Amino acid sequence: MLIQPGKPRRKAGIAGPVSRVDRAGATTGKLTRAEELRLQLADEIVRGVLAPGTPLDETDLAQRFNVSRTPVREALRQLTASGLVDSRAHRGAVVAQPSVDRLTGMFEAMAELEALCAGLAAERMPAVQRRELEAIHEELRVLSYDGNPDRFHEVNERFHNAIYTGSQNEYIAEITLATRVRVQPFRRAQFRNLGRLAKSQAEHDRVVVAIMRGDRNGAAAAMRAHIELVRGEYEHYAVSL
């Protein structure tokens, strides 16, 4: 049976937007203190300010950022999940760096999961969610001229979340979000490349057009190509440091 674009196909046990798993403060739109610490430390690690092997002592970090050890501990836990920190029992946490093979595998998984979400969204995303996706896409278009990579990154997360939710498959959306937690620092870093915001916007445009047309294969291919380009942009950024 042909599924008409704009009409979601729902199954038992699948309902409504999927809860965010990569940001605890998503309901209010505000970052938690742990999330702020994670983003700052991730930036310092990816940019080489904190070199591989650098100890990350909870007490020292709590004093540096003037916070308790609780958000520091949570930030380090999230960074460990991303592969940026190596945490071992009784030995503390140190800055790590994923191997080339590890990072390649992470991006390959991300590309396939996001492609799956985009393809399903093309078939199932209801009209109201399509309008929301278009509104976010327009917001990113405006931001692409501002040259603020941090703000672009924040709205970019909403763009991809809208597509995950639009897949109308809660389990796949959750897996995709969980994978993005591991890849996020590297995706975020590539926005610092000259001209990257405009390029990302153009790549998004191809994804949105395919989703609006109900073109499952086209949406999946456009999203897969987008994530592959993100990987290439990160590699370009990394060698420029």
# chains A, B, ... in the order shown; residues from 1 in each chain; ligands from 1
call {"tool": "closest_atom_pairs", "arguments": {"of": "segment 42-110 of chain A", "to": "segment 165-176 of chain A", "cutoff": "12 Å", "atoms": "only C-alpha atoms", "output": "Markdown table"}}
result
| residue | atom | partner | partner_atom | distance |
| --- | --- | --- | --- | --- |
| A:Met106 | CA | A:Thr176 | CA | 11.3 |
| A:Phe107 | CA | A:Thr176 | CA | 11.6 |
| A:Ala109 | CA | A:Thr176 | CA | 8.8 |
| A:Met110 | CA | A:Thr176 | CA | 7.0 |
call {"tool": "closest_atom_pairs", "arguments": {"of": "segment 90-152 of chain A", "to": "segment 52-58 of chain A", "cutoff": "6 Å", "atoms": "only C-alpha atoms", "output": "JSON lines"}}
result
{"residue": "A:Ala93", "atom": "CA", "partner": "A:Leu56", "partner_atom": "CA", "distance": 5.3}
{"residue": "A:Val94", "atom": "CA", "partner": "A:Pro55", "partner_atom": "CA", "distance": 4.3}
{"residue": "A:Val95", "atom": "CA", "partner": "A:Pro52", "partner_atom": "CA", "distance": 4.8}
{"residue": "A:Ala96", "atom": "CA", "partner": "A:Pro52", "partner_atom": "CA", "distance": 5.1}
call {"tool": "select_by_dssp", "arguments": {"residues": "segment 48-97 of chain A", "states": "helix (DSSP H, G or I)", "output": "JSON, numbers by chain"}}
result
{"A": [58, 59, 60, 61, 62, 63, 64, 65, 69, 70, 71, 72, 73, 74, 75, 76, 77, 78, 79, 80, 81, 82]}
call {"tool": "closest_residue", "arguments": {"among": "A:Leu229, A:Ala111, A:Leu31, A:Leu41", "to": "Phe191 of chain A", "atoms": "only C-alpha atoms"}}
result
A:Leu229
call {"tool": "closest_residue", "arguments": {"among": "A:Met212, A:Ala202, A:Ala221, A:Leu197", "to": "Glu233 of chain A", "atoms": "only C-alpha atoms"}}
result
A:Leu197
call {"tool": "closest_residue", "arguments": {"among": "A:Ala162, A:Pro185, A:Val155, A:Ala115", "to": "Glu35 of chain A", "atoms": "only C-alpha atoms"}}
result
A:Pro185
call {"tool": "closest_residue", "arguments": {"among": "A:Gly105, A:Glu203, A:Gln129, A:Gln190", "to": "Val239 of chain A", "atoms": "only C-alpha atoms"}}
result
A:Gln190
call {"tool": "residues_around", "arguments": {"residues": "segment 70-85 of chain A", "least_positions_apart": "6", "cutoff": "12 Å", "atoms": "only C-alpha atoms", "output": "MDAnalysis selection string"}}
result
chainID A and resid 21:24 31:48 50:64 92:100 102:103 106:107 178:187
call {"tool": "residues_around", "arguments": {"residues": "Arg196 of chain A", "least_positions_apart": "2", "cutoff": "10 Å", "atoms": "only C-alpha atoms", "output": "VMD selection string"}}
result
chain A and resid 144 147 149 190 to 194 198 to 202 230 233
call {"tool": "write_last_selection", "arguments": {"atoms": "all heavy atoms", "output": "JSON list (two decimals), in the first residue's frame"}}
result
[["chain", "number", "residue", "atom", "x", "y", "z"],
["A", 144, "SER", "N", 22.95, 31.17, 8.77],
["A", 144, "SER", "CA", 24.11, 30.86, 7.94],
["A", 144, "SER", "C", 24.83, 32.11, 7.47],
["A", 144, "SER", "O", 26.01, 32.06, 7.10],
["A", 144, "SER", "CB", 23.69, 30.02, 6.73],
["A", 144, "SER", "OG", 22.91, 30.78, 5.81],
["A", 147, "GLY", "N", 27.41, 33.94, 10.73],
["A", 147, "GLY", "CA", 28.75, 33.52, 11.09],
["A", 147, "GLY", "C", 28.93, 33.16, 12.54],
["A", 147, "GLY", "O", 30.03, 33.32, 13.10],
["A", 149, "PRO", "N", 28.94, 30.02, 14.66],
["A", 149, "PRO", "CA", 28.85, 28.54, 14.60],
["A", 149, "PRO", "C", 28.16, 27.92, 15.81],
["A", 149, "PRO", "O", 27.50, 26.90, 15.67],
["A", 149, "PRO", "CB", 30.32, 28.11, 14.50],
["A", 149, "PRO", "CG", 31.11, 29.25, 15.05],
["A", 149, "PRO", "CD", 30.33, 30.48, 14.69],
["A", 190, "GLN", "N", 33.30, 21.11, 13.07],
["A", 190, "GLN", "CA", 33.42, 21.41, 11.65],
["A", 190, "GLN", "C", 32.72, 22.69, 11.23],
["A", 190, "GLN", "O", 32.99, 23.25, 10.17],
["A", 190, "GLN", "CB", 32.92, 20.23, 10.80],
["A", 190, "GLN", "CG", 31.56, 19.68, 11.19],
["A", 190, "GLN", "CD", 30.41, 20.21, 10.36],
["A", 190, "GLN", "OE1", 30.60, 20.59, 9.21],
["A", 190, "GLN", "NE2", 29.22, 20.23, 10.95],
["A", 191, "PHE", "N", 31.84, 23.21, 12.10],
["A", 191, "PHE", "CA", 31.16, 24.47, 11.77],
["A", 191, "PHE", "C", 32.13, 25.66, 11.79],
["A", 191, "PHE", "O", 31.77, 26.75, 11.35],
["A", 191, "PHE", "CB", 30.00, 24.73, 12.73],
["A", 191, "PHE", "CG", 28.81, 23.86, 12.47],
["A", 191, "PHE", "CD1", 28.19, 23.17, 13.50],
["A", 191, "PHE", "CD2", 28.29, 23.72, 11.19],
["A", 191, "PHE", "CE1", 27.09, 22.36, 13.27],
["A", 191, "PHE", "CE2", 27.18, 22.91, 10.94],
["A", 191, "PHE", "CZ", 26.59, 22.23, 11.99],
["A", 192, "ARG", "N", 33.33, 25.47, 12.31],
["A", 192, "ARG", "CA", 34.31, 26.56, 12.33],
["A", 192, "ARG", "C", 35.04, 26.71, 11.00],
["A", 192, "ARG", "O", 35.77, 27.68, 10.80],
["A", 192, "ARG", "CB", 35.33, 26.34, 13.46],
["A", 192, "ARG", "CG", 34.72, 26.46, 14.85],
["A", 192, "ARG", "CD", 35.81, 26.50, 15.91],
["A", 192, "ARG", "NE", 35.21, 26.73, 17.22],
["A", 192, "ARG", "CZ", 34.78, 25.78, 18.02],
["A", 192, "ARG", "NH1", 34.86, 24.51, 17.62],
["A", 192, "ARG", "NH2", 34.25, 26.04, 19.19],
["A", 193, "ASN", "N", 34.89, 25.75, 10.11],
["A", 193, "ASN", "CA", 35.53, 25.87, 8.80],
["A", 193, "ASN", "C", 34.94, 27.03, 8.02],
["A", 193, "ASN", "O", 33.72, 27.26, 8.06],
["A", 193, "ASN", "CB", 35.36, 24.57, 7.99],
["A", 193, "ASN", "CG", 36.21, 23.44, 8.52],
["A", 193, "ASN", "OD1", 37.09, 23.65, 9.35],
["A", 193, "ASN", "ND2", 35.95, 22.23, 8.05],
["A", 194, "LEU", "N", 35.78, 27.74, 7.30],
["A", 194, "LEU", "CA", 35.34, 28.88, 6.51],
["A", 194, "LEU", "C", 34.28, 28.45, 5.49],
["A", 194, "LEU", "O", 34.50, 27.53, 4.71],
["A", 194, "LEU", "CB", 36.54, 29.51, 5.79],
["A", 194, "LEU", "CG", 36.25, 30.78, 4.99],
["A", 194, "LEU", "CD1", 35.78, 31.90, 5.91],
["A", 194, "LEU", "CD2", 37.49, 31.20, 4.21],
["A", 198, "ALA", "N", 27.14, 27.94, 5.28],
["A", 198, "ALA", "CA", 26.39, 28.04, 4.02],
["A", 198, "ALA", "C", 26.33, 26.70, 3.31],
["A", 198, "ALA", "O", 25.30, 26.32, 2.73],
["A", 198, "ALA", "CB", 27.03, 29.10, 3.11],
["A", 199, "LYS", "N", 27.44, 25.95, 3.35],
["A", 199, "LYS", "CA", 27.45, 24.63, 2.71],
["A", 199, "LYS", "C", 26.48, 23.69, 3.41],
["A", 199, "LYS", "O", 25.75, 22.94, 2.76],
["A", 199, "LYS", "CB", 28.87, 24.04, 2.75],
["A", 199, "LYS", "CG", 29.88, 24.76, 1.88],
["A", 199, "LYS", "CD", 31.25, 24.14, 2.04],
["A", 199, "LYS", "CE", 32.31, 24.87, 1.25],
["A", 199, "LYS", "NZ", 33.67, 24.29, 1.47],
["A", 200, "SER", "N", 26.49, 23.72, 4.74],
["A", 200, "SER", "CA", 25.59, 22.86, 5.50],
["A", 200, "SER", "C", 24.14, 23.19, 5.17],
["A", 200, "SER", "O", 23.30, 22.28, 5.02],
["A", 200, "SER", "CB", 25.84, 23.04, 7.00],
["A", 200, "SER", "OG", 25.00, 22.19, 7.76],
["A", 201, "GLN", "N", 23.84, 24.47, 5.05],
["A", 201, "GLN", "CA", 22.49, 24.89, 4.72],
["A", 201, "GLN", "C", 22.06, 24.35, 3.35],
["A", 201, "GLN", "O", 20.93, 23.89, 3.17],
["A", 201, "GLN", "CB", 22.39, 26.43, 4.73],
["A", 201, "GLN", "CG", 21.04, 26.99, 4.34],
["A", 201, "GLN", "CD", 19.95, 26.64, 5.32],
["A", 201, "GLN", "OE1", 20.23, 26.14, 6.41],
["A", 201, "GLN", "NE2", 18.71, 26.90, 4.95],
["A", 202, "ALA", "N", 22.97, 24.39, 2.39],
["A", 202, "ALA", "CA", 22.66, 23.86, 1.05],
["A", 202, "ALA", "C", 22.42, 22.35, 1.09],
["A", 202, "ALA", "O", 21.53, 21.83, 0.41],
["A", 202, "ALA", "CB", 23.80, 24.19, 0.09],
["A", 230, "VAL", "N", 29.97, 16.07, 6.36],
["A", 230, "VAL", "CA", 30.30, 16.53, 7.71],
["A", 230, "VAL", "C", 31.58, 15.87, 8.18],
["A", 230, "VAL", "O", 32.47, 16.52, 8.74],
["A", 230, "VAL", "CB", 29.14, 16.21, 8.69],
["A", 230, "VAL", "CG1", 29.59, 16.41, 10.15],
["A", 230, "VAL", "CG2", 27.94, 17.09, 8.39],
["A", 233, "GLU", "N", 34.47, 17.45, 6.45],
["A", 233, "GLU", "CA", 34.74, 18.79, 6.97],
["A", 233, "GLU", "C", 35.45, 18.71, 8.32],
["A", 233, "GLU", "O", 36.33, 19.52, 8.61],
["A", 233, "GLU", "CB", 33.43, 19.56, 7.12],
["A", 233, "GLU", "CG", 32.80, 19.99, 5.79],
["A", 233, "GLU", "CD", 33.53, 21.16, 5.16],
["A", 233, "GLU", "OE1", 34.31, 21.83, 5.85],
["A", 233, "GLU", "OE2", 33.30, 21.41, 3.96]]
call {"tool": "closest_residue", "arguments": {"among": "A:Arg69, A:His236, A:Arg231, A:Arg124", "to": "Tyr164 of chain A", "atoms": "only C-alpha atoms"}}
result
A:Arg124
